[in-house]
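Reviewing the structure listed below.
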Amino acid sequence: MRLARRPAPIVVAAAAALFAVGAGATSPRTFVASYGNDGNPCSRVAPCRSFAPALAQTADRGEIVVLDSAGYGGVTIAQSVTVTAPAGVYAGSSTGVIIDATGIDVVLRGLVINGGGFSGIDFVRGATLLVERCEISGMKSLGLAAHSADAGAEVIVRDTTIEGNGEGMYANAGTTVVFSGVQVVRNAGYGLLFQGGPFYLRDTLVAENGGVGVSVEGFTTANVLSMTIDRSRIFANHSVGVAMRLSTSHSLSLVISDTDIARNNSTLVSPAGGVLIDSYPFPGNGGVVLTRTTIDGNGGFGVSADRDGYPSFAILDDCVVSGNQDTGMRTASGPTIYTRNNNIFHHNGGGDQSGNIVVLGAL
Amino acid sequence: MQTVSPASARATRRPLRTRAGVPFWTAIGALIAIHSIGDAQATAQRTFVASNGNDANPCSVAAPCRSFAASIAQTNDKGEIVVLDSAGYGNVTITKSVTIVSPPGIYAGISVFTGNDGITVNAPSGVIVLRGLKINGQGGNVGINFVQGAELRIERCDIAAMRQFAINASLAAGASIYIRDTTISGSGTPVGSGIFLTGGGRVSLERVAITGSPSVGITILDGPDAALRHVAVERNDIGILLQSGFGSTSVSIDESRIFANRSDGIRMLTGGSGVLRAAISDSEIVTNNQGALAPGGGIVVQGTSAGTGVAQVTLMRTRSSYNVGAGLLAQYAGVAIHVDRCVVVENTGYGLAAATGATVYTRGTSTIENNIGGNLNGVSSYAGK
């Protein structure tokens, strides 16, 4: 099969001759293959050997198609383009992909970016980035760096694994992130570090990262941050499972539903293991709503709303808070946690609840 | 030392792309470039196997090898083995970090004959990824045997007909196993388990089906913490066996289906110094204990008659119905189970039963009806918070 795809020399010559007529033009669709050659026109019959030369011959908003399994090198993308390795084809890169031009839309499908480079996908500038069926592992810095300088940039990640990198992913304050079917596991530092939003995480596993699993952090600028986590698992991260940290002028909203937040913070590096809402050093305005979520077996507190966070709050509705090493749910120094008396608390080491807990009536 | 084909040499020497304006990155890039050239003379970051390959080849894309075992010897630590087309590729023992990937649409088989294991992972601190492999027992013992390593990820694999275990892992503290989009069938014959996990470490299963094991579908014994989601456990003897003797085990089961197992759907046994903790949510535990084991049923949680076992279980939004025996049976002091918003109907024994010192709590939010042996036996109430 594979050998049969290799074109006879005479065909290559003919294709090259044809291409020579239109030299200088780009094609809407270019091709790379294990048997390609970067001196080729990157056509179907005379494919290139690596992504970078193929991109140079691809029209704006065109496509690069991977014909068979091989490594295709790193590439810096400065135009709108789709790179597709169809299911059934392995397309490797050890150095990764840099996306760096204002306003471009980039789609990456089926790439395996494994080790060697700095960041797996480095979204420096651009409007939208869609990552599907990719594997990003072993990168020295970030698996996915979403720090596009474009206002309102968007990153959509589906059916992708981000594993064993320095950090899993970072997204800056201006970038929207949508996750579905993503695994973020065993990165050395943060699993996901988000600075703005909104972020939508669904059917996602964030497990065993060395730092916080999912962290939403306001820093120096005034931000409105929001995140929803649905039908996901935040499991055995070494620090807090989900942390929301805010400071003065920040307004954060975090909604978590149908999610399992379990066995995080085993090393007790934070006072809270499952969910932490923390406002320091100045009060911000934040809220967490947890519904149908299990917060189980975390080191430290299960849920904690802490410090000068007033009027920060958390609402628990239809949740399980069990087996956490310290108090199941606690507040300190200002914030309130609301419940509707429909949560199960049991076997929390420091007691079930403490601090400013208020029961909400049904609405 | 193998010669390197022009294609693979070109691949490893391709200029690295670094982000302009950041000298530190450039320095890193230069280091990597030097490293890559050195590697090209010994092993490659990426090797290939194909049906028309030859194990005397350099395992490059142009000159692939024929077997995993030959290919792995020529693969870098943290490198990858790529399957180019459909064939059988033989047993392999892995002693370093490596990814073996067979893309969708390609069949990459390993037949495991008597006395052998399919894939043996024995790589201290190794990270091993196995993707898209079909492992079929022909009298062989274990499909994937995780002896040691930091992390094993199994994705899109199908493992069938192994004598002892389809997947066997003894996890050191800090080690992990992730299994996703994988099926296990007819393994653990006559004794063993489809998946057998023990030691310490962490376990994640997502979209995994374990069917037709004559012994146990999934066994988690003495130590591992596990998170299961979208798991189907059907037509085994025992569906899921969670057991704490000397080590504490903590398990979450979410959106899963435990169906038509011959013995208990989920059996939890606790005794000794270990604590057994389980949270089961949004799951179906239906028509289990077809063999009418007594005591038995959908979920059975047992301590010891001496009261030494500790089990803390939560059952949320889960249906335990049409089982032979109890919907949920808890036995012996030290066993505590909280039930909320569950449906427990049409079991042949009790719906919920607490026996000989165990405690089962409900708070009036569940539907527990039409159980033939009675709906509730010895059940306590608790208040939501």
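Ligands are numbered from 1 in the order shown, residues from 1 within each chain, and chains are lettered A, B, ... in the order they appear in the structure tokens.
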
Worksheet item: Hey, what does DSSP flag as strand (DSSP E or B) within region 279-381 of chain B? Can you give it to me as a ChimeraX atom specification?
Response: /B:279-281,284-286,297-302,310-316,319-321,326-331,335-340,343-345,350-355,359-362,367-369,374-377,380-381

If you take only C-alpha atoms and a cut-off of 6 Å, which residues of chain B touch chain A, and what are their nearest atom pairs and distances in Å to one decimal, in chain and number order, as a tab-separated table?
residue	atom	partner	partner_atom	distance
B:Pro103	CA	A:Gly88	CA	4.4
B:Pro104	CA	A:Gly88	CA	4.4
B:Gly105	CA	A:Gly88	CA	4.9
B:Gly384	CA	A:Asn342	CA	4.7
B:Lys385	CA	A:Asn341	CA	3.9

Can you write out the residues you just picked, keeping N, CA and C atoms, as a compact mmCIF listing (two decimals), in the first residue's frame?
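Result written to out19.txt:
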# COMPACT_ATOMS: atom_id res chain seq x y z
N PRO B 103 -2.29 4.25 14.15
CA PRO B 103 -3.37 5.20 13.87
C PRO B 103 -4.69 4.47 13.58
N PRO B 104 -5.81 5.13 13.81
CA PRO B 104 -7.11 4.51 13.52
C PRO B 104 -7.15 4.04 12.06
N GLY B 105 -7.77 2.88 11.84
CA GLY B 105 -7.84 2.37 10.47
C GLY B 105 -6.75 1.37 10.17
N GLY B 384 -29.66 16.17 54.98
CA GLY B 384 -28.77 16.84 54.04
C GLY B 384 -28.24 18.13 54.64
N LYS B 385 -27.14 18.62 54.13
CA LYS B 385 -26.54 19.84 54.66
C LYS B 385 -26.34 20.84 53.55

Practice prompt. Excluding Ala149 (chain A) and residues on its chain fewer than 5 positions from it, collect all residues at most 12 Å away from it, counting only C-alpha atoms, and give them as a PyMOL selection string.
Written response: chain A and resi 99-104+122-128+154+171-175

Using only C-alpha atoms, which residues sit within 9 Å of Arg330 (chain A) once same-chain residues fewer than 3 positions away are excluded, as a short mmCIF file (atom, residue, chain, number, x, y, z; two decimals) with N, CA, C and O atoms, in the first residue's frame?
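Result file is result.cif:
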data_model
loop_
_atom_site.label_atom_id
_atom_site.label_comp_id
_atom_site.auth_asym_id
_atom_site.auth_seq_id
_atom_site.Cartn_x
_atom_site.Cartn_y
_atom_site.Cartn_z
N PHE A 301 -9.04 21.19 53.12
CA PHE A 301 -10.49 21.38 53.07
C PHE A 301 -11.05 20.87 51.75
O PHE A 301 -10.41 20.98 50.71
N GLY A 302 -12.30 20.40 51.78
CA GLY A 302 -12.95 20.05 50.52
C GLY A 302 -13.22 21.28 49.69
O GLY A 302 -12.78 21.41 48.55
N VAL A 303 -13.95 22.23 50.29
CA VAL A 303 -14.24 23.51 49.64
C VAL A 303 -13.87 24.60 50.63
O VAL A 303 -14.25 24.54 51.80
N SER A 304 -13.14 25.61 50.14
CA SER A 304 -12.75 26.69 51.04
C SER A 304 -12.94 28.03 50.35
O SER A 304 -12.52 28.22 49.21
N ALA A 305 -13.60 28.96 51.04
CA ALA A 305 -13.67 30.34 50.58
C ALA A 305 -12.95 31.16 51.64
O ALA A 305 -13.33 31.16 52.80
N ASP A 306 -11.92 31.85 51.22
CA ASP A 306 -10.95 32.30 52.22
C ASP A 306 -10.61 33.77 52.08
O ASP A 306 -10.75 34.38 51.04
N THR A 327 -11.78 19.97 57.11
CA THR A 327 -13.21 20.27 57.06
C THR A 327 -13.77 20.12 55.65
O THR A 327 -13.12 20.50 54.67
N THR A 336 -19.09 33.88 52.20
CA THR A 336 -20.20 33.04 52.65
C THR A 336 -20.30 31.82 51.75
O THR A 336 -20.05 31.91 50.55
N ILE A 337 -20.66 30.69 52.33
CA ILE A 337 -21.04 29.53 51.52
C ILE A 337 -22.52 29.25 51.76
O ILE A 337 -22.97 29.16 52.90
N ASP A 352 -17.80 18.60 59.10
CA ASP A 352 -18.43 18.81 57.81
C ASP A 352 -18.38 20.27 57.35
O ASP A 352 -18.06 20.56 56.21
N GLN A 353 -18.73 21.20 58.26
CA GLN A 353 -18.83 22.59 57.83
C GLN A 353 -18.31 23.50 58.93
O GLN A 353 -18.46 23.21 60.11
N SER A 354 -17.73 24.63 58.52
CA SER A 354 -17.38 25.63 59.51
C SER A 354 -17.38 27.01 58.85
O SER A 354 -17.24 27.13 57.64
N GLY A 355 -17.55 28.04 59.68
CA GLY A 355 -17.51 29.41 59.17
C GLY A 355 -18.90 29.91 58.86
O GLY A 355 -19.91 29.49 59.45
N ASN A 356 -18.97 30.77 57.89
CA ASN A 356 -20.20 31.50 57.59
C ASN A 356 -21.03 30.73 56.56
O ASN A 356 -20.95 30.98 55.36
N ILE A 357 -21.83 29.79 57.05
CA ILE A 357 -22.63 28.94 56.17
C ILE A 357 -24.09 29.37 56.28
O ILE A 357 -24.64 29.48 57.38
#

Item to complete: Go through B:Ala166, B:Val379, B:Leu315, B:Ala56 and flag the residue nearest Ser281 (chain B), using only C-alpha atoms for the distances.
Response: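 Smallest separation from Ser281 (chain B) among the options: B:Leu315.
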
Worksheet item: Which of these residues is nearest to Val101 (chain B), using only C-alpha atoms: A:Glu135, A:Glu63, A:Asp105, A:Glu217?
Response: A:Glu135

Item to complete: Tell me which protein, DNA and RNA residues are within 6 Å of Cys42 (chain A), counting only C-alpha atoms, leaving out same-chain ones fewer than 3 positions away, and put them as a list in words.
Response: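 Once the nearby chain positions are removed, what remains is Thr30, Phe31, Ala46, Pro47, Cys48 and Ala54 of chain A.
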
Worksheet entry | Residue neighbourhood Leu84 (chain B), 7 Å, only C-alpha atoms, exclusion window fewer than 6 positions, as a list in words | Ser69 of chain A; Phe48, Val49 and Ala50 of chain B

Please write the residues from the selection above to a file, keeping N, CA and C atoms, as a tab-separated table (two decimals), in the first residue's frame.
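After the write, again_2.tsv holds the following:
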chain	number	residue	atom	x	y	z
A	69	SER	N	2.09	8.20	7.22
A	69	SER	CA	2.67	8.39	8.56
A	69	SER	C	4.15	8.72	8.50
B	48	PHE	N	9.60	3.03	12.76
B	48	PHE	CA	8.40	2.60	12.04
B	48	PHE	C	8.41	1.08	11.86
B	49	VAL	N	7.21	0.50	11.92
B	49	VAL	CA	7.05	-0.91	11.59
B	49	VAL	C	5.99	-1.04	10.50
B	50	ALA	N	6.15	-2.07	9.67
B	50	ALA	CA	5.20	-2.28	8.58
B	50	ALA	C	5.16	-3.75	8.22

Write out as a PDB file with N, CA, C and O atoms, in the first residue's frame the residues lying within 7 Å of Ile119 (chain B), counting only C-alpha atoms and excluding same-chain residues fewer than 4 positions away.
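Contents of the output file out35.pdb:
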ATOM      1  N   ASN B  91       5.113  -9.803  20.416  1.00  0.00           N
ATOM      2  CA  ASN B  91       5.296  -9.414  21.821  1.00  0.00           C
ATOM      3  C   ASN B  91       6.411  -8.392  21.937  1.00  0.00           C
ATOM      4  O   ASN B  91       7.327  -8.354  21.119  1.00  0.00           O
ATOM      5  N   VAL B  92       6.365  -7.620  22.999  1.00  0.00           N
ATOM      6  CA  VAL B  92       7.464  -6.691  23.224  1.00  0.00           C
ATOM      7  C   VAL B  92       7.600  -6.417  24.715  1.00  0.00           C
ATOM      8  O   VAL B  92       6.603  -6.389  25.450  1.00  0.00           O
ATOM      9  N   THR B  93       8.837  -6.274  25.152  1.00  0.00           N
ATOM     10  CA  THR B  93       9.116  -5.830  26.515  1.00  0.00           C
ATOM     11  C   THR B  93       9.669  -4.416  26.441  1.00  0.00           C
ATOM     12  O   THR B  93      10.599  -4.141  25.681  1.00  0.00           O
ATOM     13  N   GLY B 143      -2.236  -9.623  28.887  1.00  0.00           N
ATOM     14  CA  GLY B 143      -2.189  -8.775  27.694  1.00  0.00           C
ATOM     15  C   GLY B 143      -1.159  -7.677  27.846  1.00  0.00           C
ATOM     16  O   GLY B 143      -0.198  -7.579  27.089  1.00  0.00           O
ATOM     17  N   ILE B 144      -1.364  -6.821  28.834  1.00  0.00           N
ATOM     18  CA  ILE B 144      -0.406  -5.754  29.136  1.00  0.00           C
ATOM     19  C   ILE B 144      -0.036  -5.891  30.604  1.00  0.00           C
ATOM     20  O   ILE B 144      -0.904  -5.773  31.480  1.00  0.00           O
ATOM     21  N   ASN B 145       1.224  -6.160  30.851  1.00  0.00           N
ATOM     22  CA  ASN B 145       1.692  -6.393  32.215  1.00  0.00           C
ATOM     23  C   ASN B 145       2.571  -5.216  32.639  1.00  0.00           C
ATOM     24  O   ASN B 145       3.684  -5.052  32.141  1.00  0.00           O
TER      25      ASN B 145
END

Worksheet item: What is the distance, in Å and to one decimal place, between CA of Gly53 (chain B) and CA of Ser67 (chain B)?
Response: 8.1 Å

Worksheet item: Which of these residues is nearest to Arg262 (chain B), using only C-alpha atoms: B:Ala279, B:Asp158, B:Ser215, B:Thr308?
Response: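 With only C-alpha atoms as the atom set, the closest residue is B:Ser215.
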